[in-house]
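See below for final.pdb, which holds PDB, C-alpha atoms.
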ATOM      1  CA  MET A  28      34.037  10.947   9.474
ATOM      2  CA  PRO A  29      33.445  11.902   5.876
ATOM      3  CA  ASP A  30      35.202  14.969   4.603
ATOM      4  CA  GLY A  31      33.309  17.975   3.164
ATOM      5  CA  GLY A  32      32.579  16.147  -0.105
ATOM      6  CA  GLY A  33      30.860  13.219   1.617
ATOM      7  CA  ARG A  34      33.631  10.758   0.715
ATOM      8  CA  ARG A  35      35.422   8.471   3.133
ATOM      9  CA  ARG A  36      39.149   8.244   3.493
ATOM     10  CA  TYR A  37      40.981   4.938   3.841
ATOM     11  CA  GLY A  38      40.791   3.486   7.307
ATOM     12  CA  GLU A  39      37.754   5.418   8.489
ATOM     13  CA  ARG A  40      34.893   3.626  10.182
ATOM     14  CA  VAL A  41      31.857   2.766   8.071
ATOM     15  CA  ALA A  42      28.381   3.521   9.357
ATOM     16  CA  ARG A  43      26.266   0.465  10.123
ATOM     17  CA  THR A  44      22.552   0.274   9.530
ATOM     18  CA  PRO A  45      20.143  -1.259  12.021
ATOM     19  CA  SER A  46      18.664  -3.476   9.266
ATOM     20  CA  GLY A  47      21.049  -6.335   9.884
ATOM     21  CA  PRO A  48      23.924  -7.459  12.068
ATOM     22  CA  ALA A  49      26.434  -7.164   9.248
ATOM     23  CA  GLY A  50      25.394  -3.611   8.360
ATOM     24  CA  THR A  51      26.638  -1.938   5.265
ATOM     25  CA  GLY A  52      30.152  -1.617   4.016
ATOM     26  CA  PRO A  53      33.099  -3.946   4.310
ATOM     27  CA  SER A  54      33.489  -6.515   7.058
ATOM     28  CA  ARG A  55      34.782  -5.220  10.395
ATOM     29  CA  GLY A  56      33.527  -1.754   9.459
ATOM     30  CA  THR A  57      36.733  -0.377   7.965
ATOM     31  CA  VAL A  58      37.614   0.650   4.457
ATOM     32  CA  ALA A  59      40.472  -1.269   2.797
ATOM     33  CA  ARG A  60      43.955   0.226   2.917
ATOM     34  CA  PRO A  61      45.816  -0.350  -0.349
ATOM     35  CA  GLY A  62      48.700   1.739   0.994
ATOM     36  CA  ARG A  63      49.552  -1.051   3.404
ATOM     37  CA  ILE A  64      49.621  -3.555   0.564
ATOM     38  CA  ARG A  65      52.102  -1.405  -1.330
ATOM     39  CA  THR A  66      54.255  -0.943   1.745
ATOM     40  CA  LEU A  67      54.186  -4.481   3.122
ATOM     41  CA  GLY A  68      53.793  -6.441  -0.134
ATOM     42  CA  PRO A  69      57.522  -6.728  -0.957
ATOM     43  CA  ILE A  70      58.112  -8.088   2.553
ATOM     44  CA  ALA A  71      55.002 -10.282   2.736
ATOM     45  CA  VAL A  72      55.933 -12.053  -0.496
ATOM     46  CA  LEU A  73      59.013 -13.441   1.251
ATOM     47  CA  ALA A  74      56.652 -15.813   3.076
ATOM     48  CA  VAL A  75      56.563 -17.894  -0.128
ATOM     49  CA  PRO A  76      60.279 -18.788  -0.336
ATOM     50  CA  LEU A  77      60.588 -19.016   3.450
ATOM     51  CA  GLY A  78      57.662 -21.428   3.581
ATOM     52  CA  LEU A  79      59.106 -23.536   0.766
ATOM     53  CA  GLY A  80      62.519 -23.604   2.444
ATOM     54  CA  LEU A  81      60.959 -24.613   5.750
ATOM     55  CA  LEU A  82      58.975 -27.348   4.032
ATOM     56  CA  ALA A  83      62.170 -28.628   2.386
ATOM     57  CA  ALA A  84      63.924 -28.712   5.774
ATOM     58  CA  ILE A  85      60.984 -30.592   7.287
ATOM     59  CA  VAL A  86      61.038 -33.143   4.453
ATOM     60  CA  LEU A  87      64.745 -33.761   4.973
ATOM     61  CA  ARG A  88      64.428 -33.945   8.743
ATOM     62  CA  LEU A  89      61.338 -36.137   9.051
ATOM     63  CA  TYR A  90      61.869 -38.599   6.197
ATOM     64  CA  PRO A  91      63.816 -41.551   7.619
ATOM     65  CA  CYS A  92      66.476 -42.770   5.227
ATOM     66  CA  ASP A  93      70.033 -43.997   4.985
ATOM     67  CA  GLY A  94      72.331 -44.671   2.091
ATOM     68  CA  THR A  95      70.828 -44.655  -1.380
ATOM     69  CA  ALA A  96      67.291 -44.478   0.031
ATOM     70  CA  CYS A  97      67.856 -40.763   0.673
ATOM     71  CA  GLY A  98      67.533 -39.990  -3.029
ATOM     72  CA  GLU A  99      63.785 -39.447  -2.954
ATOM     73  CA  PRO A 100      63.590 -37.000  -0.047
ATOM     74  CA  TYR A 101      66.636 -35.109  -1.291
ATOM     75  CA  LEU A 102      65.130 -34.838  -4.755
ATOM     76  CA  GLY A 103      61.831 -33.562  -3.320
ATOM     77  CA  ALA A 104      63.600 -31.114  -1.005
ATOM     78  CA  TRP A 105      65.819 -29.904  -3.848
ATOM     79  CA  GLY A 106      62.709 -29.266  -5.945
ATOM     80  CA  LEU A 107      61.230 -27.152  -3.139
ATOM     81  CA  VAL A 108      64.505 -25.257  -2.780
ATOM     82  CA  LEU A 109      64.554 -24.584  -6.536
ATOM     83  CA  PHE A 110      61.145 -22.936  -6.301
ATOM     84  CA  ALA A 111      62.247 -20.941  -3.236
ATOM     85  CA  VAL A 112      65.593 -19.937  -4.789
ATOM     86  CA  PRO A 113      64.760 -19.700  -8.501
ATOM     87  CA  THR A 114      68.195 -18.414  -9.536
ATOM     88  CA  ALA A 115      70.008 -21.463  -8.129
ATOM     89  CA  LEU A 116      70.344 -23.194 -11.504
ATOM     90  CA  ALA A 117      71.567 -19.998 -13.160
ATOM     91  CA  VAL A 118      74.534 -19.733 -10.757
ATOM     92  CA  GLY A 119      75.432 -23.411 -11.105
ATOM     93  CA  LEU A 120      73.906 -25.011  -8.042
ATOM     94  CA  PRO A 121      74.065 -27.922  -7.165
ATOM     95  CA  TRP A 122      77.111 -28.738  -9.331
ATOM     96  CA  VAL A 123      79.249 -25.798  -8.251
ATOM     97  CA  SER A 124      78.332 -25.238  -4.626
ATOM     98  CA  GLY A 125      80.890 -22.843  -3.259
ATOM     99  CA  PRO A 126      80.130 -20.019  -0.841
ATOM    100  CA  ILE A 127      80.127 -17.426  -3.623
ATOM    101  CA  ASN A 128      77.594 -19.370  -5.701
ATOM    102  CA  VAL A 129      75.285 -19.944  -2.725
ATOM    103  CA  THR A 130      75.495 -16.264  -1.736
ATOM    104  CA  LEU A 131      74.803 -15.153  -5.313
ATOM    105  CA  ALA A 132      71.825 -17.498  -5.559
ATOM    106  CA  LEU A 133      70.353 -16.344  -2.243
ATOM    107  CA  LEU A 134      70.844 -12.619  -2.883
ATOM    108  CA  SER A 135      69.591 -12.709  -6.472
ATOM    109  CA  SER A 136      66.555 -14.776  -5.460
ATOM    110  CA  LEU A 137      65.832 -12.418  -2.577
ATOM    111  CA  ALA A 138      65.970  -9.487  -5.003
ATOM    112  CA  ALA A 139      63.715 -11.319  -7.460
ATOM    113  CA  TRP A 140      61.091 -12.139  -4.813
ATOM    114  CA  VAL A 141      61.116  -8.560  -3.460
ATOM    115  CA  PHE A 142      60.740  -7.297  -7.023
ATOM    116  CA  PHE A 143      57.806  -9.686  -7.564
ATOM    117  CA  GLY A 144      56.236  -8.423  -4.344
ATOM    118  CA  LYS A 145      56.682  -4.789  -5.335
ATOM    119  CA  TRP A 146      55.276  -5.413  -8.798
ATOM    120  CA  ALA A 147      52.360  -7.484  -7.486
ATOM    121  CA  SER A 148      51.483  -4.853  -4.882
ATOM    122  CA  GLN A 149      51.469  -2.108  -7.497
ATOM    123  CA  ARG A 150      49.282  -4.110  -9.858
ATOM    124  CA  ALA A 151      46.905  -5.199  -7.093
ATOM    125  CA  THR A 152      46.427  -1.674  -5.762
ATOM    126  CA  GLN A 153      45.482  -0.167  -9.090
ATOM    127  CA  ASP A 154      41.962  -0.850  -7.829
ATOM    128  CA  VAL A 155      40.954   1.374  -4.916
ATOM    129  CA  ASP A 156      39.202  -1.539  -3.212
ATOM    130  CA  ALA A 157      42.288  -3.741  -3.316
ATOM    131  CA  SER A 158      42.701  -6.384  -0.657
ATOM    132  CA  TRP A 159      45.394  -8.830   0.291
ATOM    133  CA  TRP A 160      43.518 -11.424  -1.740
ATOM    134  CA  ASP A 161      44.180  -9.325  -4.879
ATOM    135  CA  PHE A 162      47.836  -9.093  -3.924
ATOM    136  CA  TRP A 163      48.221 -12.863  -3.475
ATOM    137  CA  ARG A 164      46.467 -13.461  -6.804
ATOM    138  CA  GLU A 165      49.123 -11.309  -8.478
ATOM    139  CA  VAL A 166      51.880 -13.123  -6.593
ATOM    140  CA  ALA A 167      50.449 -16.460  -7.775
ATOM    141  CA  PHE A 168      50.655 -15.203 -11.354
ATOM    142  CA  TYR A 169      54.366 -14.360 -10.934
ATOM    143  CA  ALA A 170      55.023 -17.604  -9.052
ATOM    144  CA  GLY A 171      53.535 -19.440 -12.036
ATOM    145  CA  GLY A 172      56.146 -17.739 -14.198
ATOM    146  CA  VAL A 173      58.857 -18.865 -11.788
ATOM    147  CA  VAL A 174      57.596 -22.450 -12.006
ATOM    148  CA  ILE A 175      57.547 -22.342 -15.813
ATOM    149  CA  GLY A 176      61.070 -20.881 -15.835
ATOM    150  CA  ILE A 177      62.445 -23.529 -13.490
ATOM    151  CA  VAL A 178      60.813 -26.387 -15.374
ATOM    152  CA  GLY A 179      62.168 -24.952 -18.639
ATOM    153  CA  GLY A 180      65.634 -24.631 -17.105
ATOM    154  CA  LEU A 181      65.525 -28.213 -15.878
ATOM    155  CA  LEU A 182      64.465 -29.424 -19.327
ATOM    156  CA  VAL A 183      67.350 -27.548 -20.958
ATOM    157  CA  MET A 184      69.712 -28.990 -18.350
ATOM    158  CA  VAL A 185      68.499 -32.544 -19.021
ATOM    159  CA  LEU A 186      68.826 -32.069 -22.780
ATOM    160  CA  VAL A 187      72.336 -30.638 -22.478
ATOM    161  CA  LEU A 188      73.493 -33.383 -20.109
ATOM    162  CA  THR A 189      71.893 -36.090 -22.227
ATOM    163  CA  PHE A 190      73.092 -35.077 -25.693
ATOM    164  CA  LEU A 191      76.403 -33.350 -25.060
TER     165      LEU A 191
END
For this file, produce the structure as structure tokens.
Amino acid sequence: MPDGGGRRRYGERVARTPSGPAGTGPSRGTVARPGRIRTLGPIAVLAVPLGLGLLAAIVLRLYPCDGTACGEPYLGAWGLVLFAVPTALAVGLPWVSGPINVTLALLSSLAAWVFFGKWASQRATQDVDASWWDFWREVAFYAGGVVIGIVGGLLVMVLVLTFL
């Protein structure tokens, strides 16, 4: 129900008009809840690296290979892992792959993705009518930065290994 000023609060039902089946207001008759985006955004963004990691595992598991023929699926899976764990190159993976390096890469990437989720949720909910679509648009913008950073890091790595 509207408060004394005639305004709705988040989550309240929206009145429907008999003029059409859809009625007025948002779909499903509820007002958007940007507070949920801010709360769940840093956790929801972890679906991106988890999905990429799962896809990399599927590529390695389902692609039949033996010997030197495994280069292509491993290269593709490693590319997916780099996008899921963007700090892997910075800690020396795959050349120095000890338990400390892997732990550092996983923890720093987890922190980076949670930070991206927090930042994206704050930017998306600056609009009162924010939806999860706005949140994922912001995440895509930050993921684009991750892609550019990884490609730049790989280019620097190739140049260093080629000319030094």
Specify as a ChimeraX atom specification each residue included when the PyMOL selection byres ((chain A and resi 112) around 12) is applied to this file.
/A:73,75-80,83,104-111,113-118,120-121,129-140,170,173-174,176-177
Can you sort out the box for range 120-137 of chain A, edges along x, y and z, all listed atoms in, 3 Å on every side, with centre and edge lengths in Å to one decimal, as lines of an AutoDock Vina configuration file?
center_x = 73.4
center_y = -20.6
center_z = -5.1
size_x = 21.1
size_y = 22.3
size_z = 14.5
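Across the structure, CA of Tyr101 in chain A and CA of Val178 in chain A are spaced 17.6 Å apart.
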Could you name the residues that touch Phe168 in chain A at 12 Å or less, counting only C-alpha atoms, but leaving out those on the same chain fewer than 3 positions away, as a ChimeraX atom specification?
/A:143-144,146-147,150-151,161-165,171-175
Do you have, as CSV, the list of residues of range 106-188 of chain A lying at most 6 Å from range 61-69 of chain A, each with its nearest atom pair and that distance in Å to one decimal, counting all atoms listed in the file and ordered by chain then number?
residue,atom,partner,partner_atom,distance
A:Val141,CA,A:Pro69,CA,4.7
A:Gly144,CA,A:Pro69,CA,4.0
A:Lys145,CA,A:Pro69,CA,4.9
A:Ser148,CA,A:Arg65,CA,5.0
A:Thr152,CA,A:Pro61,CA,5.6
A:Ala157,CA,A:Pro61,CA,5.7
Rounded to one decimal, what separation in Å do you get between CA of Val166 in chain A and CA of Asp154 in chain A?
15.8 Å
CA of Pro100 in chain A sits from CA of Leu81 in chain A at a separation of 13.9 Å
Would you mind putting back all heavy atoms on range 149-160 of chain A, then writing it out as a PDB file, keeping the file's coordinate frame?
ATOM      1  N   GLN A 149      51.868  -3.225  -6.643  1.00  0.00           N
ATOM      2  CA  GLN A 149      51.469  -2.108  -7.497  1.00  0.00           C
ATOM      3  C   GLN A 149      50.315  -2.487  -8.408  1.00  0.00           C
ATOM      4  O   GLN A 149      49.377  -1.717  -8.583  1.00  0.00           O
ATOM      5  CB  GLN A 149      52.657  -1.621  -8.322  1.00  0.00           C
ATOM      6  CG  GLN A 149      53.671  -0.877  -7.500  1.00  0.00           C
ATOM      7  CD  GLN A 149      54.889  -0.477  -8.300  1.00  0.00           C
ATOM      8  OE1 GLN A 149      55.084  -0.915  -9.424  1.00  0.00           O
ATOM      9  NE2 GLN A 149      55.728   0.345  -7.711  1.00  0.00           N
ATOM     10  N   ARG A 150      50.373  -3.684  -8.979  1.00  0.00           N
ATOM     11  CA  ARG A 150      49.282  -4.110  -9.858  1.00  0.00           C
ATOM     12  C   ARG A 150      47.985  -4.345  -9.079  1.00  0.00           C
ATOM     13  O   ARG A 150      46.911  -4.024  -9.544  1.00  0.00           O
ATOM     14  CB  ARG A 150      49.673  -5.380 -10.618  1.00  0.00           C
ATOM     15  CG  ARG A 150      50.628  -5.094 -11.758  1.00  0.00           C
ATOM     16  CD  ARG A 150      50.906  -6.340 -12.565  1.00  0.00           C
ATOM     17  NE  ARG A 150      49.714  -7.085 -12.891  1.00  0.00           N
ATOM     18  CZ  ARG A 150      49.164  -7.155 -14.104  1.00  0.00           C
ATOM     19  NH1 ARG A 150      49.705  -6.483 -15.093  1.00  0.00           N
ATOM     20  NH2 ARG A 150      48.101  -7.890 -14.314  1.00  0.00           N
ATOM     21  N   ALA A 151      48.103  -4.908  -7.888  1.00  0.00           N
ATOM     22  CA  ALA A 151      46.905  -5.199  -7.093  1.00  0.00           C
ATOM     23  C   ALA A 151      46.225  -3.924  -6.617  1.00  0.00           C
ATOM     24  O   ALA A 151      45.008  -3.868  -6.533  1.00  0.00           O
ATOM     25  CB  ALA A 151      47.262  -6.073  -5.901  1.00  0.00           C
ATOM     26  N   THR A 152      47.012  -2.899  -6.316  1.00  0.00           N
ATOM     27  CA  THR A 152      46.427  -1.674  -5.762  1.00  0.00           C
ATOM     28  C   THR A 152      46.048  -0.660  -6.828  1.00  0.00           C
ATOM     29  O   THR A 152      45.751   0.487  -6.501  1.00  0.00           O
ATOM     30  CB  THR A 152      47.386  -1.023  -4.746  1.00  0.00           C
ATOM     31  OG1 THR A 152      48.638  -0.780  -5.377  1.00  0.00           O
ATOM     32  CG2 THR A 152      47.551  -1.904  -3.533  1.00  0.00           C
ATOM     33  N   GLN A 153      46.031  -1.053  -8.066  1.00  0.00           N
ATOM     34  CA  GLN A 153      45.482  -0.167  -9.090  1.00  0.00           C
ATOM     35  C   GLN A 153      43.990   0.032  -8.854  1.00  0.00           C
ATOM     36  O   GLN A 153      43.433   1.052  -9.221  1.00  0.00           O
ATOM     37  CB  GLN A 153      45.724  -0.736 -10.487  1.00  0.00           C
ATOM     38  CG  GLN A 153      47.162  -0.622 -10.927  1.00  0.00           C
ATOM     39  CD  GLN A 153      47.405  -1.273 -12.276  1.00  0.00           C
ATOM     40  OE1 GLN A 153      46.546  -1.961 -12.808  1.00  0.00           O
ATOM     41  NE2 GLN A 153      48.585  -1.056 -12.818  1.00  0.00           N
ATOM     42  N   ASP A 154      43.363  -0.957  -8.228  1.00  0.00           N
ATOM     43  CA  ASP A 154      41.962  -0.850  -7.829  1.00  0.00           C
ATOM     44  C   ASP A 154      41.915  -0.254  -6.426  1.00  0.00           C
ATOM     45  O   ASP A 154      42.651  -0.672  -5.535  1.00  0.00           O
ATOM     46  CB  ASP A 154      41.320  -2.242  -7.836  1.00  0.00           C
ATOM     47  CG  ASP A 154      39.863  -2.216  -7.459  1.00  0.00           C
ATOM     48  OD1 ASP A 154      39.266  -1.124  -7.450  1.00  0.00           O
ATOM     49  OD2 ASP A 154      39.317  -3.292  -7.172  1.00  0.00           O
ATOM     50  N   VAL A 155      41.055   0.711  -6.218  1.00  0.00           N
ATOM     51  CA  VAL A 155      40.954   1.374  -4.916  1.00  0.00           C
ATOM     52  C   VAL A 155      40.509   0.397  -3.833  1.00  0.00           C
ATOM     53  O   VAL A 155      40.911   0.517  -2.682  1.00  0.00           O
ATOM     54  CB  VAL A 155      39.973   2.569  -5.004  1.00  0.00           C
ATOM     55  CG1 VAL A 155      39.783   3.215  -3.652  1.00  0.00           C
ATOM     56  CG2 VAL A 155      40.475   3.569  -6.007  1.00  0.00           C
ATOM     57  N   ASP A 156      39.709  -0.568  -4.175  1.00  0.00           N
ATOM     58  CA  ASP A 156      39.202  -1.539  -3.212  1.00  0.00           C
ATOM     59  C   ASP A 156      40.093  -2.767  -3.109  1.00  0.00           C
ATOM     60  O   ASP A 156      39.624  -3.864  -2.811  1.00  0.00           O
ATOM     61  CB  ASP A 156      37.780  -1.969  -3.579  1.00  0.00           C
ATOM     62  CG  ASP A 156      36.797  -0.829  -3.466  1.00  0.00           C
ATOM     63  OD1 ASP A 156      37.028   0.048  -2.621  1.00  0.00           O
ATOM     64  OD2 ASP A 156      35.813  -0.813  -4.220  1.00  0.00           O
ATOM     65  N   ALA A 157      41.369  -2.603  -3.333  1.00  0.00           N
ATOM     66  CA  ALA A 157      42.288  -3.741  -3.316  1.00  0.00           C
ATOM     67  C   ALA A 157      42.365  -4.362  -1.931  1.00  0.00           C
ATOM     68  O   ALA A 157      42.253  -3.687  -0.917  1.00  0.00           O
ATOM     69  CB  ALA A 157      43.675  -3.291  -3.753  1.00  0.00           C
ATOM     70  N   SER A 158      42.547  -5.653  -1.919  1.00  0.00           N
ATOM     71  CA  SER A 158      42.701  -6.384  -0.657  1.00  0.00           C
ATOM     72  C   SER A 158      43.934  -7.274  -0.779  1.00  0.00           C
ATOM     73  O   SER A 158      44.538  -7.389  -1.839  1.00  0.00           O
ATOM     74  CB  SER A 158      41.462  -7.229  -0.375  1.00  0.00           C
ATOM     75  OG  SER A 158      41.342  -8.240  -1.340  1.00  0.00           O
ATOM     76  N   TRP A 159      44.260  -7.915   0.334  1.00  0.00           N
ATOM     77  CA  TRP A 159      45.394  -8.830   0.291  1.00  0.00           C
ATOM     78  C   TRP A 159      45.115 -10.009  -0.632  1.00  0.00           C
ATOM     79  O   TRP A 159      46.032 -10.588  -1.187  1.00  0.00           O
ATOM     80  CB  TRP A 159      45.734  -9.316   1.704  1.00  0.00           C
ATOM     81  CG  TRP A 159      46.481  -8.265   2.465  1.00  0.00           C
ATOM     82  CD1 TRP A 159      45.978  -7.421   3.403  1.00  0.00           C
ATOM     83  CD2 TRP A 159      47.861  -7.915   2.312  1.00  0.00           C
ATOM     84  NE1 TRP A 159      46.959  -6.579   3.844  1.00  0.00           N
ATOM     85  CE2 TRP A 159      48.125  -6.864   3.203  1.00  0.00           C
ATOM     86  CE3 TRP A 159      48.892  -8.389   1.520  1.00  0.00           C
ATOM     87  CZ2 TRP A 159      49.374  -6.284   3.314  1.00  0.00           C
ATOM     88  CZ3 TRP A 159      50.140  -7.813   1.640  1.00  0.00           C
ATOM     89  CH2 TRP A 159      50.378  -6.776   2.519  1.00  0.00           C
ATOM     90  N   TRP A 160      43.870 -10.355  -0.812  1.00  0.00           N
ATOM     91  CA  TRP A 160      43.518 -11.424  -1.740  1.00  0.00           C
ATOM     92  C   TRP A 160      43.957 -11.042  -3.162  1.00  0.00           C
ATOM     93  O   TRP A 160      44.501 -11.870  -3.896  1.00  0.00           O
ATOM     94  CB  TRP A 160      42.018 -11.684  -1.679  1.00  0.00           C
ATOM     95  CG  TRP A 160      41.554 -12.706  -2.663  1.00  0.00           C
ATOM     96  CD1 TRP A 160      40.814 -12.481  -3.781  1.00  0.00           C
ATOM     97  CD2 TRP A 160      41.830 -14.105  -2.662  1.00  0.00           C
ATOM     98  NE1 TRP A 160      40.595 -13.650  -4.456  1.00  0.00           N
ATOM     99  CE2 TRP A 160      41.214 -14.673  -3.788  1.00  0.00           C
ATOM    100  CE3 TRP A 160      42.531 -14.940  -1.805  1.00  0.00           C
ATOM    101  CZ2 TRP A 160      41.281 -16.019  -4.081  1.00  0.00           C
ATOM    102  CZ3 TRP A 160      42.598 -16.296  -2.106  1.00  0.00           C
ATOM    103  CH2 TRP A 160      41.975 -16.813  -3.231  1.00  0.00           C
TER     104      TRP A 160
END
